[in-house]
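Participant: Input structure: input.txt, which contains compact mmCIF, C-alpha atoms.
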```txt
# COMPACT_ATOMS: atom_id res chain seq x y z
CA ALA A 1 114.87 74.56 28.52
CA ALA A 2 111.67 73.76 26.67
CA GLY A 3 110.89 75.93 23.67
CA VAL A 4 107.84 76.62 21.55
CA ILE A 5 107.14 73.64 19.30
CA GLN A 6 105.50 74.07 15.92
CA SER A 7 104.37 71.39 13.53
CA PRO A 8 104.72 70.68 10.76
CA ARG A 9 107.92 72.51 9.84
CA HIS A 10 107.10 72.47 6.16
CA LEU A 11 103.77 72.14 4.38
CA ILE A 12 102.92 72.10 0.71
CA LYS A 13 99.31 72.58 -0.35
CA GLU A 14 97.38 73.22 -3.52
CA LYS A 15 95.16 76.25 -4.04
CA ARG A 16 91.76 75.96 -2.36
CA GLU A 17 92.97 73.26 0.03
CA THR A 18 92.94 73.55 3.80
CA ALA A 19 95.84 73.49 6.25
CA THR A 20 96.17 73.15 10.01
CA LEU A 21 99.21 74.40 11.87
CA LYS A 22 99.90 73.38 15.45
CA CYS A 23 101.71 75.15 18.25
CA TYR A 24 102.74 73.88 21.66
CA PRO A 25 103.75 76.78 23.93
CA ILE A 26 106.42 76.78 26.59
CA PRO A 27 105.03 75.16 29.77
CA ARG A 28 103.29 77.65 32.09
CA HIS A 29 103.01 80.26 29.35
CA ASP A 30 99.44 81.52 29.26
CA THR A 31 99.48 83.58 26.06
CA VAL A 32 99.91 82.28 22.51
CA TYR A 33 100.39 84.43 19.42
CA TRP A 34 100.34 83.70 15.69
CA TYR A 35 102.33 85.73 13.16
CA GLN A 36 102.66 85.52 9.38
CA GLN A 37 105.89 86.49 7.65
CA GLY A 38 105.84 86.83 3.86
CA PRO A 39 109.08 86.62 1.84
CA GLY A 40 111.32 89.57 2.68
CA GLN A 41 108.71 91.00 5.04
CA ASP A 42 108.45 91.60 8.75
CA PRO A 43 106.22 89.33 10.84
CA GLN A 44 102.59 90.44 10.92
CA PHE A 45 100.40 89.66 13.92
CA LEU A 46 97.39 87.47 13.20
CA ILE A 47 95.72 86.54 16.48
CA SER A 48 96.45 85.79 20.13
CA PHE A 49 94.93 83.84 23.00
CA TYR A 50 95.20 84.43 26.73
CA GLU A 51 94.10 81.64 29.02
CA LYS A 52 92.33 79.92 26.13
CA MET A 53 90.27 82.97 25.20
CA GLN A 54 90.88 85.07 22.11
CA SER A 55 92.76 88.13 23.29
CA ASP A 56 93.65 90.21 20.23
CA LYS A 57 92.96 90.02 16.54
CA GLY A 58 95.23 91.44 13.89
CA SER A 59 95.25 91.12 10.13
CA ILE A 60 93.88 87.61 10.03
CA PRO A 61 91.82 86.76 6.92
CA ASP A 62 88.27 85.49 7.43
CA ARG A 63 89.40 82.22 5.81
CA PHE A 64 91.64 81.61 8.80
CA SER A 65 90.55 80.62 12.29
CA ALA A 66 92.39 79.62 15.42
CA GLN A 67 91.77 78.29 18.86
CA GLN A 68 93.59 77.39 22.03
CA PHE A 69 92.81 74.13 23.71
CA SER A 70 92.57 73.09 27.35
CA ASP A 71 96.20 71.92 27.31
CA TYR A 72 97.18 75.40 26.00
CA HIS A 73 98.27 74.19 22.59
CA SER A 74 96.90 76.19 19.70
CA GLU A 75 95.92 75.44 16.13
CA LEU A 76 95.67 77.78 13.17
CA ASN A 77 93.21 76.55 10.55
CA MET A 78 93.48 77.95 7.05
CA SER A 79 90.88 77.24 4.38
CA SER A 80 90.52 78.03 0.67
CA LEU A 81 94.25 78.56 0.46
CA GLU A 82 95.54 81.15 -1.99
CA LEU A 83 98.96 81.61 -3.53
CA GLY A 84 99.42 84.70 -1.38
CA ASP A 85 99.13 82.61 1.79
CA SER A 86 102.59 81.16 1.11
CA ALA A 87 104.63 82.39 4.05
CA LEU A 88 106.44 81.49 7.23
CA TYR A 89 103.96 81.16 10.10
CA PHE A 90 105.29 81.68 13.58
CA CYS A 91 103.78 80.84 16.89
CA ALA A 92 105.06 82.58 20.01
CA SER A 93 104.22 82.23 23.66
CA SER A 94 104.67 84.34 26.75
CA GLU A 95 103.85 84.37 30.41
CA GLY A 96 101.47 87.32 30.42
CA VAL A 97 103.19 90.51 29.35
CA ASN A 98 106.62 88.97 29.48
CA ILE A 99 108.94 88.20 26.61
CA GLN A 100 107.48 86.44 23.58
CA TYR A 101 109.50 83.41 22.57
CA PHE A 102 109.06 82.15 19.05
CA GLY A 103 108.88 78.67 17.59
CA ALA A 104 110.93 77.68 14.56
CA GLY A 105 108.00 78.40 12.27
CA THR A 106 106.01 76.49 9.68
CA ARG A 107 106.87 77.24 6.08
CA LEU A 108 103.69 76.97 4.01
CA SER A 109 103.91 76.78 0.24
CA VAL A 110 100.70 77.03 -1.75
CA LEU A 111 101.03 75.79 -5.33
CA ALA B 1 98.85 104.17 16.14
CA GLN B 2 102.03 102.35 16.94
CA LYS B 3 104.84 102.28 14.40
CA VAL B 4 108.43 101.13 14.26
CA THR B 5 110.86 102.47 11.69
CA GLN B 6 114.18 100.92 10.81
CA ALA B 7 115.59 103.28 8.22
CA GLN B 8 118.55 101.07 7.36
CA THR B 9 117.48 98.33 4.98
CA GLU B 10 120.88 96.71 4.55
CA ILE B 11 124.27 97.18 6.19
CA SER B 12 127.50 95.51 5.12
CA VAL B 13 130.58 95.50 7.32
CA VAL B 14 133.85 93.65 7.55
CA GLU B 15 134.58 91.47 10.55
CA LYS B 16 135.71 93.31 13.69
CA GLU B 17 133.97 96.51 12.68
CA ASP B 18 131.42 98.00 15.08
CA VAL B 19 127.91 98.47 13.69
CA THR B 20 124.85 100.29 15.02
CA LEU B 21 121.31 99.44 13.97
CA ASP B 22 118.83 102.27 14.29
CA CYS B 23 115.25 102.03 15.49
CA VAL B 24 112.70 104.83 15.91
CA TYR B 25 109.26 104.18 17.31
CA GLU B 26 105.91 105.95 17.62
CA THR B 27 103.30 105.29 20.28
CA ARG B 28 100.75 107.22 22.29
CA ASP B 29 101.05 104.82 25.20
CA THR B 30 102.97 105.93 28.25
CA THR B 31 103.81 102.34 29.14
CA TYR B 32 105.24 100.13 26.43
CA TYR B 33 107.97 97.62 25.69
CA LEU B 34 110.72 97.67 23.10
CA PHE B 35 112.47 94.60 21.74
CA TRP B 36 115.22 93.47 19.42
CA TYR B 37 114.95 90.11 17.68
CA LYS B 38 117.47 88.44 15.39
CA GLN B 39 116.51 86.27 12.41
CA PRO B 40 119.48 84.33 11.04
CA PRO B 41 119.37 82.70 7.60
CA SER B 42 117.94 79.55 9.19
CA GLY B 43 114.73 81.52 9.78
CA GLU B 44 113.99 81.36 13.47
CA LEU B 45 113.31 84.53 15.48
CA VAL B 46 115.69 84.85 18.40
CA PHE B 47 114.94 87.21 21.29
CA LEU B 48 117.83 89.54 22.14
CA ILE B 49 116.57 92.18 24.57
CA ARG B 50 113.47 93.85 26.01
CA ARG B 51 113.20 97.27 27.63
CA ASN B 52 110.13 98.82 29.23
CA SER B 53 109.36 102.50 28.81
CA PHE B 54 110.38 103.32 32.37
CA ASP B 55 113.81 101.76 32.08
CA GLU B 56 116.14 104.01 30.12
CA GLN B 57 119.22 102.41 31.55
CA ASN B 58 121.43 101.36 28.72
CA GLU B 59 122.94 97.93 28.79
CA ILE B 60 125.99 96.12 27.58
CA SER B 61 125.92 92.37 27.19
CA GLY B 62 129.11 90.95 25.77
CA ARG B 63 129.52 92.41 22.28
CA TYR B 64 125.97 93.80 22.28
CA SER B 65 124.84 97.14 23.68
CA TRP B 66 121.59 99.07 23.54
CA ASN B 67 120.83 102.78 23.69
CA PHE B 68 117.27 103.70 24.67
CA GLN B 69 116.34 107.39 24.52
CA LYS B 70 112.72 108.34 25.15
CA SER B 71 113.39 111.98 24.23
CA THR B 72 114.10 110.94 20.64
CA SER B 73 111.93 107.78 20.63
CA SER B 74 114.93 105.71 19.66
CA PHE B 75 116.14 102.27 20.67
CA ASN B 76 119.42 101.61 18.90
CA PHE B 77 121.46 98.43 18.96
CA THR B 78 125.23 98.18 18.59
CA ILE B 79 127.37 95.15 17.87
CA THR B 80 131.01 95.62 18.77
CA ALA B 81 133.70 93.72 16.88
CA SER B 82 131.20 92.10 14.52
CA GLN B 83 131.59 88.47 13.46
CA VAL B 84 130.37 86.55 10.43
CA VAL B 85 127.87 84.72 12.67
CA ASP B 86 126.20 88.07 13.35
CA SER B 87 124.93 88.09 9.76
CA ALA B 88 121.14 88.12 10.05
CA VAL B 89 118.05 90.27 9.79
CA TYR B 90 117.53 92.30 12.94
CA PHE B 91 114.03 93.42 13.88
CA CYS B 92 113.10 96.12 16.33
CA ALA B 93 109.62 95.70 17.81
CA LEU B 94 107.16 97.49 20.08
CA SER B 95 104.28 96.31 22.22
CA GLU B 96 101.89 98.14 24.46
CA SER B 97 101.24 97.43 28.08
CA ARG B 98 97.79 96.45 29.23
CA ALA B 99 95.96 96.58 32.52
CA ASN B 100 95.09 92.89 32.50
CA GLN B 101 97.70 90.20 32.45
CA ALA B 102 97.50 89.36 28.75
CA GLY B 103 100.46 89.92 26.51
CA THR B 104 99.99 92.12 23.46
CA ALA B 105 101.03 91.86 19.83
CA LEU B 106 104.47 92.86 18.67
CA ILE B 107 104.63 95.57 16.03
CA PHE B 108 107.79 94.97 14.04
CA GLY B 109 109.92 97.29 11.97
CA LYS B 110 110.80 96.25 8.42
CA GLY B 111 114.12 94.85 9.62
CA THR B 112 117.76 95.59 8.86
CA THR B 113 119.78 92.97 7.01
CA LEU B 114 123.31 92.86 8.39
CA SER B 115 126.01 91.17 6.34
CA VAL B 116 129.38 90.63 7.96
CA SER B 117 132.17 89.49 5.67
CA SER B 118 135.48 87.97 6.67
```
Can I see the file as structure tokens?
Facilitator:
Amino acid sequence: AAGVIQSPRHLIKEKRETATLKCYPIPRHDTVYWYQQGPGQDPQFLISFYEKMQSDKGSIPDRFSAQQFSDYHSELNMSSLELGDSALYFCASSEGVNIQYFGAGTRLSVL
Amino acid sequence: AQKVTQAQTEISVVEKEDVTLDCVYETRDTTYYLFWYKQPPSGELVFLIRRNSFDEQNEISGRYSWNFQKSTSSFNFTITASQVVDSAVYFCALSESRANQAGTALIFGKGTTLSVSS
């Protein structure tokens, strides 16, 4: 069965650079979520989209933005990167209120 | 506000022991969902089970079982005859229900690290 695809898997950036993470949800899933997991922490919700419209907003910094495109894939754009942005970023998708399935994550290291 | 508490930070057992992971939640919603996810050392988040607030039927699936009790706001998870491959961080999570069709964010507990030695 198809799963959530995230790219890239690993990303290394310098401080103040920008990064773009991509997420391709499971086919027919209409809701996409982004989570950030710091080292030794639980995943924290950033933002979600339902049918290409922003649905919920969590603890997402103003330096970050995201969107969902017509083909349902989503991108998380991160600017003015800080050392504290180093984390594992997960994308998840669901069919409405059903189970959220997670991608393998993108590990971002900011140097 | 919603909150999930996993009081056990780390648990260490020897293979074939049974182990129960505790989860206590807080919510003002009458309709909500509870989840368990597993995060092995490789890092991915693997869905294990979901229960809605109206379904208190406990379930056994192979070596896994779950005990949902609304009266105590608990959703505990038991692994019977643990194996080394069960070593992982286990997260309990909560999400609210919503009138429209959109899914809602998962609120995770801090996680319990389970180490199973041979």
Participant: Show me, as CSV, the residues of segment 8-78 of chain B having an atom within 12 Å of segment 36-50 of chain A, each with the closest atom pair and its distance in Å, using only C-alpha atoms.
Facilitator:
```
residue,atom,partner,partner_atom,distance
B:Thr9,CA,A:Gly40,CA,11.0
B:Tyr37,CA,A:Pro43,CA,11.1
B:Lys38,CA,A:Asp42,CA,11.6
B:Gln39,CA,A:Asp42,CA,10.3
B:Pro41,CA,A:Gly40,CA,11.7
B:Gly43,CA,A:Gln37,CA,10.4
B:Glu44,CA,A:Gln37,CA,11.2
B:Leu45,CA,A:Pro43,CA,9.7
```
Participant: Give one line per residue of chain A that approaches chain B to at most 10 Å, naming the two atoms of the closest pair and their distance in Å to one decimal, counting all atoms listed in the file; sort by chain then ascending residue number and deliver it as a Markdown table.
Facilitator:
```
| residue | atom | partner | partner_atom | distance |
| --- | --- | --- | --- | --- |
| A:Asp30 | CA | B:Ala102 | CA | 8.1 |
| A:Thr31 | CA | B:Gly103 | CA | 6.4 |
| A:Val32 | CA | B:Gly103 | CA | 8.6 |
| A:Tyr33 | CA | B:Ala105 | CA | 7.5 |
| A:Trp34 | CA | B:Ala105 | CA | 9.2 |
| A:Tyr35 | CA | B:Ala105 | CA | 9.2 |
| A:Gly40 | CA | B:Lys110 | CA | 8.8 |
| A:Gln41 | CA | B:Lys110 | CA | 6.6 |
| A:Asp42 | CA | B:Lys110 | CA | 5.2 |
| A:Pro43 | CA | B:Phe108 | CA | 6.7 |
| A:Gln44 | CA | B:Ile107 | CA | 7.5 |
| A:Phe45 | CA | B:Ala105 | CA | 6.3 |
| A:Leu46 | CA | B:Ala105 | CA | 8.7 |
| A:Ile47 | CA | B:Ala105 | CA | 8.2 |
| A:Ser48 | CA | B:Ala105 | CA | 7.6 |
| A:Phe49 | CA | B:Ala102 | CA | 8.4 |
| A:Tyr50 | CA | B:Ala102 | CA | 5.8 |
| A:Glu51 | CA | B:Ala102 | CA | 8.4 |
| A:Ser55 | CA | B:Ala102 | CA | 7.3 |
| A:Asp56 | CA | B:Thr104 | CA | 7.4 |
| A:Lys57 | CA | B:Ala105 | CA | 8.9 |
| A:Gly58 | CA | B:Ala105 | CA | 8.3 |
| A:Leu88 | CA | B:Gly43 | CA | 8.7 |
| A:Phe90 | CA | B:Glu44 | CA | 8.7 |
| A:Ala92 | CA | B:Leu45 | CA | 9.6 |
| A:Ser93 | CA | B:Gly103 | CA | 9.0 |
| A:Ser94 | CA | B:Gly103 | CA | 7.0 |
| A:Glu95 | CA | B:Gly103 | CA | 7.6 |
| A:Gly96 | CA | B:Ala102 | CA | 4.8 |
| A:Val97 | CA | B:Gly103 | CA | 4.0 |
| A:Asn98 | CA | B:Gly103 | CA | 6.9 |
| A:Ile99 | CA | B:Arg50 | CA | 7.3 |
| A:Gln100 | CA | B:Phe47 | CA | 7.8 |
| A:Tyr101 | CA | B:Phe47 | CA | 6.8 |
| A:Phe102 | CA | B:Leu45 | CA | 6.0 |
| A:Gly103 | CA | B:Glu44 | CA | 7.1 |
| A:Ala104 | CA | B:Glu44 | CA | 4.9 |
| A:Gly105 | CA | B:Glu44 | CA | 6.8 |
| A:Arg107 | CA | B:Gly43 | CA | 9.7 |
```
Participant: Just want the 10 Å neighbourhood of Asp22 of chain B, counted on only C-alpha atoms, with same-chain residues fewer than 5 positions away dropped. Output as a list in words.
Facilitator: Thr5, Gln6, Ala7, Gln8, Asn67, Ser74, Phe75, Asn76, Phe77, Thr78, Cys92, Gly111 and Thr112 of chain B
Participant: What does the distance from atom CA of Tyr32 of chain B to atom CA of Ser74 of chain A come to in Å, to one decimal?
Facilitator: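 It comes out at 26.2 Å.
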Participant: Using Å and a single decimal, report how far atom CA of Gln6 of chain A sits from atom CA of Tyr72 of chain A.
Facilitator: 13.1 Å
Participant: Quick one: pull the distance between atom CA of Thr106 of chain A and atom CA of Ile26 of chain A, Å, one decimal.
Facilitator: 16.9 Å
Participant: Leaving out Asn58 of chain B and any residue of its chain fewer than 5 positions from it, which residues lie within 10 Å of it when counting only C-alpha atoms, given as a PyMOL selection string?
Facilitator: chain B and resi 51+65-69+75
Participant: Name all residues at most 9 Å from Ser80 of chain A (count all atoms listed in the file; drop same-chain ones fewer than 5 positions away) and give them as an MDAnalysis selection string.
Facilitator: chainID A and resid 15:19 63:64
Participant: So that I can check the surroundings of Ile11 of chain B, please list as number ranges by chain every protein, DNA and RNA residue that reaches within 9 Å of it, counting only C-alpha atoms and ignoring chain neighbours fewer than 4 positions away.
Facilitator: B: 19, 21, 112-116
